[in-house]
Structures are given as C-alpha cells and as structure tokens.
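Report on the following structure.
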Amino acid sequence: MNQPQVCDDYADTPEHQKSLTLTADEHAPRMARSFTRDALSAWGLDDLLDDAVLIVSELTTNAELYGRTSEALKKQRPKGQSEREEEITLTLVVQADVVTIEVEDNSPHLPVEQAADEDATNGRGLHLVSAMADSWTTCPTEDGTGKRVLAFIKRPEPTPTS
C-alpha cells in the first residue's frame with residue numbers, strides 16, 4: 001500500500017465517472033457490486049470486472065463494518081446539529097486506461113492490513129485488495145471526519161496480433 005496522502009480531485013476530465021451513495025448497512029456491499037458490474041459493462045471494461053468487483057466488495061464491506069462515525073466525534077457535535085447519516089459513497093472513474101475505485105466512509109481511522117489467523121473467517125480483505133489492485137491508498141476527507149480509500153486497476157496492454 002502507498003502511504004496515506006492528500007487526495008486531489010481528478011486533474012483531467014475523466015472518460016467515465018459514476019457515483020453511488022449507500023446507507024452503511026449489510027446491503028451496501030451487494031448493491032456496490034451490482035453498481036460496479038453495470039457501470040464497467042456499460043463502459044466496455046468487461047476485462048476488469050472480476051478484479052474490480054472483488055475490490056469494491058472488500059472495500060465496501062470494510063466501510064460498512066468499520067467506517068462509522070466514532071463516538072468521540074458524535075459527542076463533539078454542537079448541540080442542535082443533526083446526526084450525520086452513516087453512508088458509504090462509491091465512485092468509479094476511468095481515466096487514461098486506469099480504473100479508480102474510491103470508497104468514502106464516515107470514519108477518520110485508516111484501514112490497516114492485519115495478519116489473519118489460519119482459522120479466521122475474516123481479516124484478509126485488504127490483502128485481497130493489495131493482490132488485485134495495481135496500487136491503493138487512503139486519504140482523509142476535506143473536513144477530516146471521514147476517509148477515502150482508493151484502489152487503482154490498469155487496463156492490460158493489448159497483445160499484438162500477427
């Protein structure tokens with residue numbers, strides 16, 4: 001994984017961009033996978049579907065499980081300010097043969113790859129992201145109350161035909 005960094009908006013106009021905001025619940029990963037399949041298929045990127053859907057599934061599941069607003073931040077909220085809904089925003093961007101998968105949640109805590117026990121049924125998600133993505137990174141949201149996790153998948157070079 002790259003080190004956390006400041007995330008700038010996309011410098012050039014992307015070829016394709018689509019976002020989906022989800023309630024942070026057990027339905028979010030399934031809905032994110034479906035959204036990703038539909039978007040990449042519509043953009044003619046079927047060759048990246050399997051990797052992208054797996055990455056989206058893992059990042060959205062992490063956001064649903066661990067990306068909630070912390071109790072400390074909830075207590076710091078000024079009186080009268082409404083409680084922020086627990087949401088996950090998935091953004092897919094295609095630019096210069098790179099698909100960027102961005103998942104934003106309400107927790108400022110950065111994800112950490114863990115060493116999963118051999119018998120564990122969880123704890124391998126970020127290892128899968130590292131294996132499937134060309135690279136990934138994290139950055140805080142502008143207001144510092146959440147984070148964005150970005151994974152990048154490059155389209156394979158076309159093979160020359162004889």
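Ordering of the structure tokens sets the chain letters (A, B, ...); residue numbers start at 1 within each chain; ligands are numbered from 1 in the order shown.
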
I want to know what sits within 10 Å of Gly125 in chain A, based on only C-alpha atoms, with residues of the same chain fewer than 3 positions away left out; could you give that as a CSV table (one decimal) with N, CA and C atoms, in the first residue's frame?
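The resulting part-v4.csv:
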chain,number,residue,atom,x,y,z
A,54,LEU,N,-14.4,-7.6,-7.0
A,54,LEU,CA,-13.8,-8.1,-5.7
A,54,LEU,C,-13.3,-7.0,-4.8
A,55,ILE,N,-12.6,-6.0,-5.4
A,55,ILE,CA,-12.1,-4.9,-4.7
A,55,ILE,C,-13.2,-4.0,-4.1
A,57,SER,N,-16.2,-5.0,-3.4
A,57,SER,CA,-16.8,-5.8,-2.3
A,57,SER,C,-16.0,-5.7,-1.0
A,58,GLU,N,-14.7,-5.9,-1.1
A,58,GLU,CA,-13.9,-5.8,0.1
A,58,GLU,C,-13.9,-4.4,0.7
A,59,LEU,N,-13.7,-3.4,-0.1
A,59,LEU,CA,-13.7,-2.0,0.5
A,59,LEU,C,-15.0,-1.6,1.0
A,61,THR,N,-17.4,-3.6,2.2
A,61,THR,CA,-17.6,-4.4,3.4
A,61,THR,C,-16.8,-3.7,4.6
A,62,ASN,N,-15.6,-3.3,4.3
A,62,ASN,CA,-14.8,-2.7,5.4
A,62,ASN,C,-15.5,-1.4,5.8
A,113,GLU,N,-3.8,-3.4,7.2
A,113,GLU,CA,-3.8,-4.8,6.8
A,113,GLU,C,-3.4,-5.6,8.1
A,114,GLN,N,-4.1,-6.7,8.3
A,114,GLN,CA,-3.9,-7.5,9.5
A,114,GLN,C,-3.4,-8.8,9.1
A,116,ALA,N,-4.1,-12.4,9.5
A,116,ALA,CA,-5.3,-13.2,9.9
A,116,ALA,C,-4.8,-14.5,10.3
A,122,ASN,N,-12.3,-13.9,8.7
A,122,ASN,CA,-12.2,-12.5,8.2
A,122,ASN,C,-10.8,-12.0,8.4
A,128,LEU,N,-6.5,-9.0,-0.1
A,128,LEU,CA,-7.0,-9.2,-1.4
A,128,LEU,C,-7.0,-8.0,-2.3
A,129,VAL,N,-7.3,-6.8,-1.7
A,129,VAL,CA,-7.2,-5.6,-2.4
A,129,VAL,C,-5.8,-5.4,-2.9
A,130,SER,N,-4.8,-5.6,-2.0
A,130,SER,CA,-3.4,-5.4,-2.4
A,130,SER,C,-3.0,-6.4,-3.6
A,131,ALA,N,-3.5,-7.6,-3.5
A,131,ALA,CA,-3.2,-8.6,-4.6
A,131,ALA,C,-3.9,-8.2,-5.9

- [ ] Compare A:Pro29, A:Gly146, A:Pro156, A:Gly44 by their minimum atom-to-atom distance to Val56 in chain A, counting only C-alpha atoms, and give me the closest one.
- [x]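 Of all the options, A:Pro29 lies closest to Val56 in chain A.
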
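Closest approach to Glu157 in chain A among A:Cys139, A:Ser34, A:Asp97, A:Pro108: A:Asp97, based on only C-alpha atoms.
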
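CA of Pro160 in chain A is found 26.7 Å from CA of Val93 in chain A.
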
Task: Of the listed residues A:Asp134, A:Glu87, A:Asp105, A:Glu15, that which approaches Leu48 in chain A most closely, counting only C-alpha atoms - done: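 The closest residue to Leu48 in chain A is A:Asp134.
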
Task: Test item: residues at most 12 Å from Ser135 in chain A, only C-alpha atoms, excluding those fewer than 6 positions along its chain, as a list in words - done: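 Near Ser135 in chain A, the qualifying residues are Met1, Asn2, Gln3, Ile55, Val98, Val99, Thr100, Ile101, Leu126, His127, Leu128, Val129, Val149, Leu150, Ala151, Phe152, Ile153 and Lys154 of chain A.
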
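For the set A:Val112, A:Ala96, A:Ala39, A:Ala133, the residue with the smallest atom-to-atom gap to Pro14 in chain A is A:Ala96, counting only C-alpha atoms.
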
Open item on the list: List the spatial neighbours of Ala28 in chain A as an NGL selection string - criterion: any atom at most 9 Å away, only C-alpha atoms, same-chain residues fewer than 2 positions off excluded.
Closed with: :A and (22-26 or 30-33 or 57 or 60-61 or 64 or 88)

TODO: Quick one: pull the distance between CA of Asp12 in chain A and CA of Lys147 in chain A, Å, one decimal.
DONE: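 Rounded to one decimal, the two atoms are 22.4 Å apart.
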
Open item on the list: If you run DSSP on the backbone here, which positions in range 23-52 of chain A get helix (DSSP H, G or I)? Please write them as number ranges by chain.
Closed with: A: 28-42, 46-52
